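Trainee: Structure file start35.pdb (PDB, C-alpha atoms, pLDDT in the B column) is given on the next line.
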ATOM      1  CA  MET A 957     141.947 106.214  84.716  1.00 59.00           C
ATOM      2  CA  ALA A 958     142.544 105.167  88.294  1.00 62.00           C
ATOM      3  CA  MET A 959     140.719 106.596  91.300  1.00 68.00           C
ATOM      4  CA  THR A 960     143.927 108.526  91.965  1.00 71.00           C
ATOM      5  CA  GLY A 961     143.677 110.345  88.627  1.00 83.00           C
ATOM      6  CA  ILE A 962     146.743 108.495  87.330  1.00 91.00           C
ATOM      7  CA  THR A 963     146.431 107.372  83.698  1.00 92.00           C
ATOM      8  CA  VAL A 964     147.885 104.414  81.832  1.00 94.00           C
ATOM      9  CA  SER A 965     148.940 105.602  78.389  1.00 93.00           C
ATOM     10  CA  ASP A 966     148.321 103.711  75.171  1.00 95.00           C
ATOM     11  CA  GLU A 967     152.123 103.499  74.752  1.00 96.00           C
ATOM     12  CA  VAL A 968     152.511 101.653  78.070  1.00 97.00           C
ATOM     13  CA  VAL A 969     149.695  99.242  77.184  1.00 97.00           C
ATOM     14  CA  ALA A 970     151.142  98.668  73.692  1.00 97.00           C
ATOM     15  CA  GLU A 971     154.561  97.900  75.153  1.00 97.00           C
ATOM     16  CA  PHE A 972     153.009  95.441  77.620  1.00 98.00           C
ATOM     17  CA  ASN A 973     151.163  93.735  74.762  1.00 97.00           C
ATOM     18  CA  GLU A 974     154.439  93.328  72.885  1.00 98.00           C
ATOM     19  CA  PHE A 975     156.103  92.083  76.085  1.00 97.00           C
ATOM     20  CA  LYS A 976     153.530  89.361  76.742  1.00 96.00           C
ATOM     21  CA  LEU A 977     153.958  88.149  73.154  1.00 96.00           C
ATOM     22  CA  LYS A 978     157.755  88.025  73.682  1.00 96.00           C
ATOM     23  CA  ARG A 979     158.377  90.724  71.081  1.00 97.00           C
ATOM     24  CA  THR A 980     160.579  92.813  73.382  1.00 96.00           C
ATOM     25  CA  PRO A 981     164.037  91.939  74.695  1.00 97.00           C
ATOM     26  CA  TYR A 982     162.828  92.313  78.297  1.00 97.00           C
ATOM     27  CA  LYS A 983     162.265  89.664  80.960  1.00 97.00           C
ATOM     28  CA  PHE A 984     161.225  92.270  83.562  1.00 97.00           C
ATOM     29  CA  ILE A 985     159.728  95.735  83.111  1.00 97.00           C
ATOM     30  CA  LEU A 986     159.451  98.097  86.081  1.00 97.00           C
ATOM     31  CA  TYR A 987     156.878 100.886  85.911  1.00 97.00           C
ATOM     32  CA  LYS A 988     156.597 103.957  88.085  1.00 97.00           C
ATOM     33  CA  ILE A 989     154.163 106.809  88.520  1.00 96.00           C
ATOM     34  CA  GLU A 990     155.537 110.039  87.154  1.00 95.00           C
ATOM     35  CA  GLY A 991     153.306 113.083  87.420  1.00 93.00           C
ATOM     36  CA  ASP A 992     149.840 111.817  86.519  1.00 93.00           C
ATOM     37  CA  SER A 993     150.899 108.837  84.388  1.00 95.00           C
ATOM     38  CA  VAL A 994     152.336 105.353  84.687  1.00 96.00           C
ATOM     39  CA  VAL A 995     155.614 105.215  82.747  1.00 96.00           C
ATOM     40  CA  LYS A 996     158.309 102.639  82.165  1.00 96.00           C
ATOM     41  CA  ASP A 997     161.120 103.008  84.677  1.00 96.00           C
ATOM     42  CA  VAL A 998     163.474 100.327  83.391  1.00 95.00           C
ATOM     43  CA  GLY A 999     163.413  97.173  81.304  1.00 96.00           C
ATOM     44  CA  LEU A1000     165.725  94.319  82.219  1.00 96.00           C
ATOM     45  CA  GLU A1001     166.805  91.999  79.431  1.00 96.00           C
ATOM     46  CA  SER A1002     168.452  89.480  81.710  1.00 92.00           C
ATOM     47  CA  GLY A1003     166.241  86.844  83.243  1.00 89.00           C
ATOM     48  CA  ASP A1004     168.526  86.865  86.297  1.00 93.00           C
ATOM     49  CA  PHE A1005     166.264  87.052  89.343  1.00 94.00           C
ATOM     50  CA  ASP A1006     168.929  88.577  91.607  1.00 94.00           C
ATOM     51  CA  GLU A1007     169.500  91.388  89.099  1.00 94.00           C
ATOM     52  CA  PHE A1008     165.774  92.069  89.074  1.00 95.00           C
ATOM     53  CA  VAL A1009     165.539  92.201  92.880  1.00 95.00           C
ATOM     54  CA  GLY A1010     168.620  94.436  92.924  1.00 94.00           C
ATOM     55  CA  ALA A1011     166.773  96.932  90.707  1.00 94.00           C
ATOM     56  CA  LEU A1012     164.130  97.439  93.420  1.00 95.00           C
ATOM     57  CA  SER A1013     164.443 100.154  96.026  1.00 92.00           C
ATOM     58  CA  SER A1014     162.338 101.681  98.777  1.00 92.00           C
ATOM     59  CA  GLU A1015     160.200 103.375  96.125  1.00 95.00           C
ATOM     60  CA  PRO A1016     157.097 101.526  94.910  1.00 97.00           C
ATOM     61  CA  ARG A1017     157.010 100.021  91.446  1.00 97.00           C
ATOM     62  CA  PHE A1018     154.715  97.935  89.300  1.00 97.00           C
ATOM     63  CA  ILE A1019     156.517  95.044  87.688  1.00 97.00           C
ATOM     64  CA  VAL A1020     155.666  92.664  84.894  1.00 98.00           C
ATOM     65  CA  ALA A1021     157.832  89.597  84.554  1.00 97.00           C
ATOM     66  CA  ASP A1022     158.141  86.956  81.875  1.00 96.00           C
ATOM     67  CA  PHE A1023     158.839  84.403  84.564  1.00 95.00           C
ATOM     68  CA  ALA A1024     160.358  81.064  83.525  1.00 93.00           C
ATOM     69  CA  TYR A1025     159.983  78.210  85.988  1.00 93.00           C
ATOM     70  CA  GLU A1026     159.495  74.458  86.231  1.00 91.00           C
ATOM     71  CA  THR A1027     156.063  73.033  86.962  1.00 89.00           C
ATOM     72  CA  THR A1028     155.520  70.582  89.799  1.00 88.00           C
ATOM     73  CA  ASP A1029     155.702  67.729  87.268  1.00 89.00           C
ATOM     74  CA  GLY A1030     159.026  68.992  85.895  1.00 90.00           C
ATOM     75  CA  ARG A1031     157.970  70.744  82.685  1.00 92.00           C
ATOM     76  CA  PRO A1032     159.664  74.045  81.804  1.00 94.00           C
ATOM     77  CA  THR A1033     157.184  76.860  81.199  1.00 94.00           C
ATOM     78  CA  ASP A1034     156.644  80.561  81.829  1.00 94.00           C
ATOM     79  CA  LYS A1035     153.916  82.972  82.897  1.00 95.00           C
ATOM     80  CA  VAL A1036     153.370  86.707  82.819  1.00 96.00           C
ATOM     81  CA  VAL A1037     153.511  87.803  86.447  1.00 96.00           C
ATOM     82  CA  PHE A1038     152.327  91.180  87.752  1.00 97.00           C
ATOM     83  CA  ILE A1039     153.954  92.341  90.985  1.00 97.00           C
ATOM     84  CA  SER A1040     152.845  95.347  92.976  1.00 97.00           C
ATOM     85  CA  TRP A1041     155.986  96.392  94.901  1.00 97.00           C
ATOM     86  CA  ILE A1042     154.923  98.783  97.668  1.00 96.00           C
ATOM     87  CA  PRO A1043     157.565  98.543 100.402  1.00 96.00           C
ATOM     88  CA  ASP A1044     156.628  99.080 104.028  1.00 95.00           C
ATOM     89  CA  ASP A1045     159.171 101.898 104.312  1.00 94.00           C
ATOM     90  CA  ALA A1046     157.733 103.890 101.374  1.00 94.00           C
ATOM     91  CA  SER A1047     156.057 107.185 102.200  1.00 93.00           C
ATOM     92  CA  VAL A1048     152.325 107.119 102.896  1.00 94.00           C
ATOM     93  CA  ARG A1049     151.781 109.365  99.864  1.00 93.00           C
ATOM     94  CA  PHE A1050     153.499 106.843  97.563  1.00 93.00           C
ATOM     95  CA  LYS A1051     151.680 103.914  99.146  1.00 94.00           C
ATOM     96  CA  MET A1052     148.307 105.541  98.534  1.00 93.00           C
ATOM     97  CA  LYS A1053     149.156 106.553  94.965  1.00 94.00           C
ATOM     98  CA  TYR A1054     150.376 103.104  93.987  1.00 95.00           C
ATOM     99  CA  SER A1055     147.644 101.202  95.840  1.00 93.00           C
ATOM    100  CA  GLY A1056     144.977 103.356  94.223  1.00 92.00           C
ATOM    101  CA  THR A1057     146.446 102.892  90.739  1.00 94.00           C
ATOM    102  CA  LYS A1058     147.161  99.152  90.822  1.00 94.00           C
ATOM    103  CA  GLU A1059     143.733  97.915  89.705  1.00 93.00           C
ATOM    104  CA  ALA A1060     143.585 100.328  86.759  1.00 92.00           C
ATOM    105  CA  LEU A1061     146.980  99.120  85.568  1.00 94.00           C
ATOM    106  CA  LYS A1062     146.047  95.448  86.019  1.00 94.00           C
ATOM    107  CA  SER A1063     142.863  96.052  84.022  1.00 93.00           C
ATOM    108  CA  ALA A1064     144.844  97.691  81.228  1.00 95.00           C
ATOM    109  CA  PHE A1065     147.341  94.805  81.155  1.00 97.00           C
ATOM    110  CA  VAL A1066     145.226  92.000  79.720  1.00 96.00           C
ATOM    111  CA  GLY A1067     146.933  88.629  79.902  1.00 94.00           C
ATOM    112  CA  ILE A1068     148.435  88.598  83.387  1.00 95.00           C
ATOM    113  CA  SER A1069     148.596  85.026  84.708  1.00 93.00           C
ATOM    114  CA  VAL A1070     149.738  85.659  88.281  1.00 95.00           C
ATOM    115  CA  ASN A1071     149.243  88.678  90.525  1.00 95.00           C
ATOM    116  CA  LEU A1072     151.437  89.249  93.585  1.00 96.00           C
ATOM    117  CA  ASN A1073     151.652  92.002  96.183  1.00 96.00           C
ATOM    118  CA  ALA A1074     154.963  92.541  97.955  1.00 96.00           C
ATOM    119  CA  THR A1075     155.798  94.946 100.769  1.00 96.00           C
ATOM    120  CA  GLY A1076     159.266  93.611 101.585  1.00 96.00           C
ATOM    121  CA  PHE A1077     162.075  91.587 100.037  1.00 96.00           C
ATOM    122  CA  ASP A1078     160.943  88.524 101.985  1.00 95.00           C
ATOM    123  CA  GLU A1079     157.716  88.562  99.921  1.00 95.00           C
ATOM    124  CA  ILE A1080     159.404  88.724  96.533  1.00 93.00           C
ATOM    125  CA  THR A1081     161.597  85.645  96.495  1.00 95.00           C
ATOM    126  CA  HIS A1082     162.116  83.269  93.608  1.00 94.00           C
ATOM    127  CA  ASP A1083     160.417  80.471  95.592  1.00 94.00           C
ATOM    128  CA  ILE A1084     157.337  82.575  96.384  1.00 95.00           C
ATOM    129  CA  ILE A1085     156.853  83.432  92.710  1.00 95.00           C
ATOM    130  CA  ILE A1086     157.308  79.792  91.651  1.00 94.00           C
ATOM    131  CA  GLU A1087     154.777  78.719  94.293  1.00 93.00           C
ATOM    132  CA  ALA A1088     152.275  81.292  92.983  1.00 94.00           C
ATOM    133  CA  CYS A1089     152.862  80.144  89.395  1.00 93.00           C
ATOM    134  CA  ASN A1090     152.326  76.506  90.347  1.00 91.00           C
ATOM    135  CA  LYS A1091     149.080  77.077  92.244  1.00 88.00           C
ATOM    136  CA  VAL A1092     146.257  75.130  90.694  1.00 62.00           C
ATOM    137  CA  TRP A1093     142.871  76.774  90.629  1.00 55.00           C
ATOM    138  CA  GLN A1094     140.349  74.752  92.608  1.00 49.00           C
ATOM    139  CA  PRO A1095     136.723  75.504  91.829  1.00 50.00           C
ATOM    140  CA  GLN A1096     134.490  75.896  94.844  1.00 49.00           C
ATOM    141  CA  ALA A1097     131.721  73.373  95.349  1.00 47.00           C
ATOM    142  CA  ARG A1098     128.645  74.541  93.527  1.00 50.00           C
ATOM    143  CA  TRP A1099     125.083  74.088  94.644  1.00 51.00           C
ATOM    144  CA  HIS A1100     122.856  72.135  92.298  1.00 48.00           C
ATOM    145  CA  PHE A1101     119.114  71.956  92.655  1.00 47.00           C
ATOM    146  CA  HIS A1102     117.181  68.787  91.890  1.00 46.00           C
ATOM    147  CA  ALA A1103     113.478  68.180  91.963  1.00 47.00           C
ATOM    148  CA  ALA A1104     112.496  66.521  95.237  1.00 49.00           C
ATOM    149  CA  ALA A1105     109.879  63.825  95.609  1.00 47.00           C
ATOM    150  CA  ALA A1106     107.144  66.401  96.134  1.00 49.00           C
ATOM    151  CA  PRO A1107     106.402  68.535  93.067  1.00 51.00           C
ATOM    152  CA  GLY A1108     107.531  72.152  93.406  1.00 52.00           C
ATOM    153  CA  VAL A1109     109.964  71.424  96.246  1.00 49.00           C
ATOM    154  CA  GLU A1110     113.688  71.584  95.625  1.00 49.00           C
ATOM    155  CA  ARG A1111     116.559  70.288  97.700  1.00 48.00           C
ATOM    156  CA  ALA A1112     120.177  71.367  97.469  1.00 49.00           C
ATOM    157  CA  HIS A1113     123.338  69.341  97.548  1.00 49.00           C
ATOM    158  CA  THR A1114     126.918  69.975  96.573  1.00 48.00           C
ATOM    159  CA  GLY A1115     128.355  68.347  93.502  1.00 48.00           C
TER     160      GLY A1115
END
Reformat the file's structure so that it appears as structure tokens.
Mentor:
Amino acid sequence: MAMTGITVSDEVVAEFNEFKLKRTPYKFILYKIEGDSVVKDVGLESGDFDEFVGALSSEPRFIVADFAYETTDGRPTDKVVFISWIPDDASVRFKMKYSGTKEALKSAFVGISVNLNATGFDEITHDIIIEACNKVWQPQARWHFHAAAAPGVERAHTG
């Protein structure tokens, strides 16, 4: 349960699990908060990006997408993308409800590869999603400790 008291039902999680395994006809699923639960709003079978964007409105939605794209080295692939659509012009009440529920839904949806937040149509373009899918994780330099010349003294360096 989210801090907002909104629940994610077992049915919604089960449908997501089927979706990520490509056992549903959908390429995009839009979820909304109805009462005190997250429910499916609409499933789009077409992988047409413009149709997907056209299904969005000024009301917030959570979206999962089976997003097909080409990697930077030209290989076709796909990823499960989670998009939190909370438009700037949504009511404050909706913004708070959806913002407070997002993490609970993401936790329930195991297997999300990319997470995006969008507040306007300029933040939910095909190119932005491809860029996010193509990002390569870069580990941060880690500190390693080695014994120094004097016993019991350690020095740090990055590796």
Trainee: Rank nothing, just name the residue among A:Ala1060, A:Tyr1054, A:Asp1034, A:Leu1000 nearest to Ser965 (chain A), using all atoms listed in the file.
Mentor: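 When distances to Ser965 (chain A) are compared using all atoms listed in the file, the smallest one comes from A:Ala1060.
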Trainee: Can you list, as number ranges by chain, the residues that the PyMOL selection byres ((chain A and resi 981-997) around 8) selects here?
Mentor: A: 961-965, 968, 975, 978-980, 998-1003, 1008, 1016-1023, 1054
Trainee: So that I can check the surroundings of region 1043-1053 of chain A, please list as a PyMOL selection string every protein, DNA and RNA residue that reaches within 6 Å of it, counting only C-alpha atoms and ignoring chain neighbours fewer than 6 positions away.
Mentor: chain A and resi 1014-1015+1075-1076
Trainee: With C-alpha atoms retained, export the selected residues as a PDB file, keeping the file's coordinate frame.
Mentor:
ATOM      1  CA  SER A1014     162.338 101.681  98.777  1.00 92.00           C
ATOM      2  CA  GLU A1015     160.200 103.375  96.125  1.00 95.00           C
ATOM      3  CA  THR A1075     155.798  94.946 100.769  1.00 96.00           C
ATOM      4  CA  GLY A1076     159.266  93.611 101.585  1.00 96.00           C
TER       5      GLY A1076
END
Trainee: In Å, rounded to a single decimal, give me how far CA of Glu974 (chain A) is from CA of Thr960 (chain A).
Mentor: 26.6 Å
Trainee: Identify which of the residues A:Leu1061, A:Gly1067, A:Asp1029, A:Asp1004 lies closest to Leu977 (chain A), counting only C-alpha atoms when measuring atom-to-atom distances.
Mentor: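 Ranking A:Leu1061, A:Gly1067, A:Asp1029, A:Asp1004 by distance to Leu977 (chain A), first place goes to A:Gly1067.
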Trainee: Provide the CA of Lys1035 (chain A) to CA of Val1070 (chain A) distance in Å, to one decimal place.
Mentor: 7.3 Å
Trainee: How big is the axis-aligned box, and where does its centre sit, when it encloses all atoms of region 1037-1055 of chain A listed in the file and has 8 Å added on every side, reported in Å to one decimal as JSON?
Mentor:
{"center_x": 153.4, "center_y": 98.6, "center_z": 95.4, "size_x": 27.5, "size_y": 37.6, "size_z": 33.9}
Trainee: Please compute the CA of Glu971 (chain A)-CA of Phe1065 (chain A) distance, one decimal, in Å.
Mentor: 9.9 Å
Trainee: Write out as a PyMOL selection string which residues come within 10 Å of region 1080-1091 of chain A when counting only C-alpha atoms, dropping same-chain ones fewer than 3 positions away.
Mentor: chain A and resi 1005-1006+1009+1023-1029+1033-1037+1039-1041+1069-1077+1094
Trainee: Taking all atoms listed in the file into account, which of A:Thr1057, A:Asp1078, A:Val1066, A:Ala1011 comes nearest Lys976 (chain A)?
Mentor: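 Closest candidate: A:Val1066.
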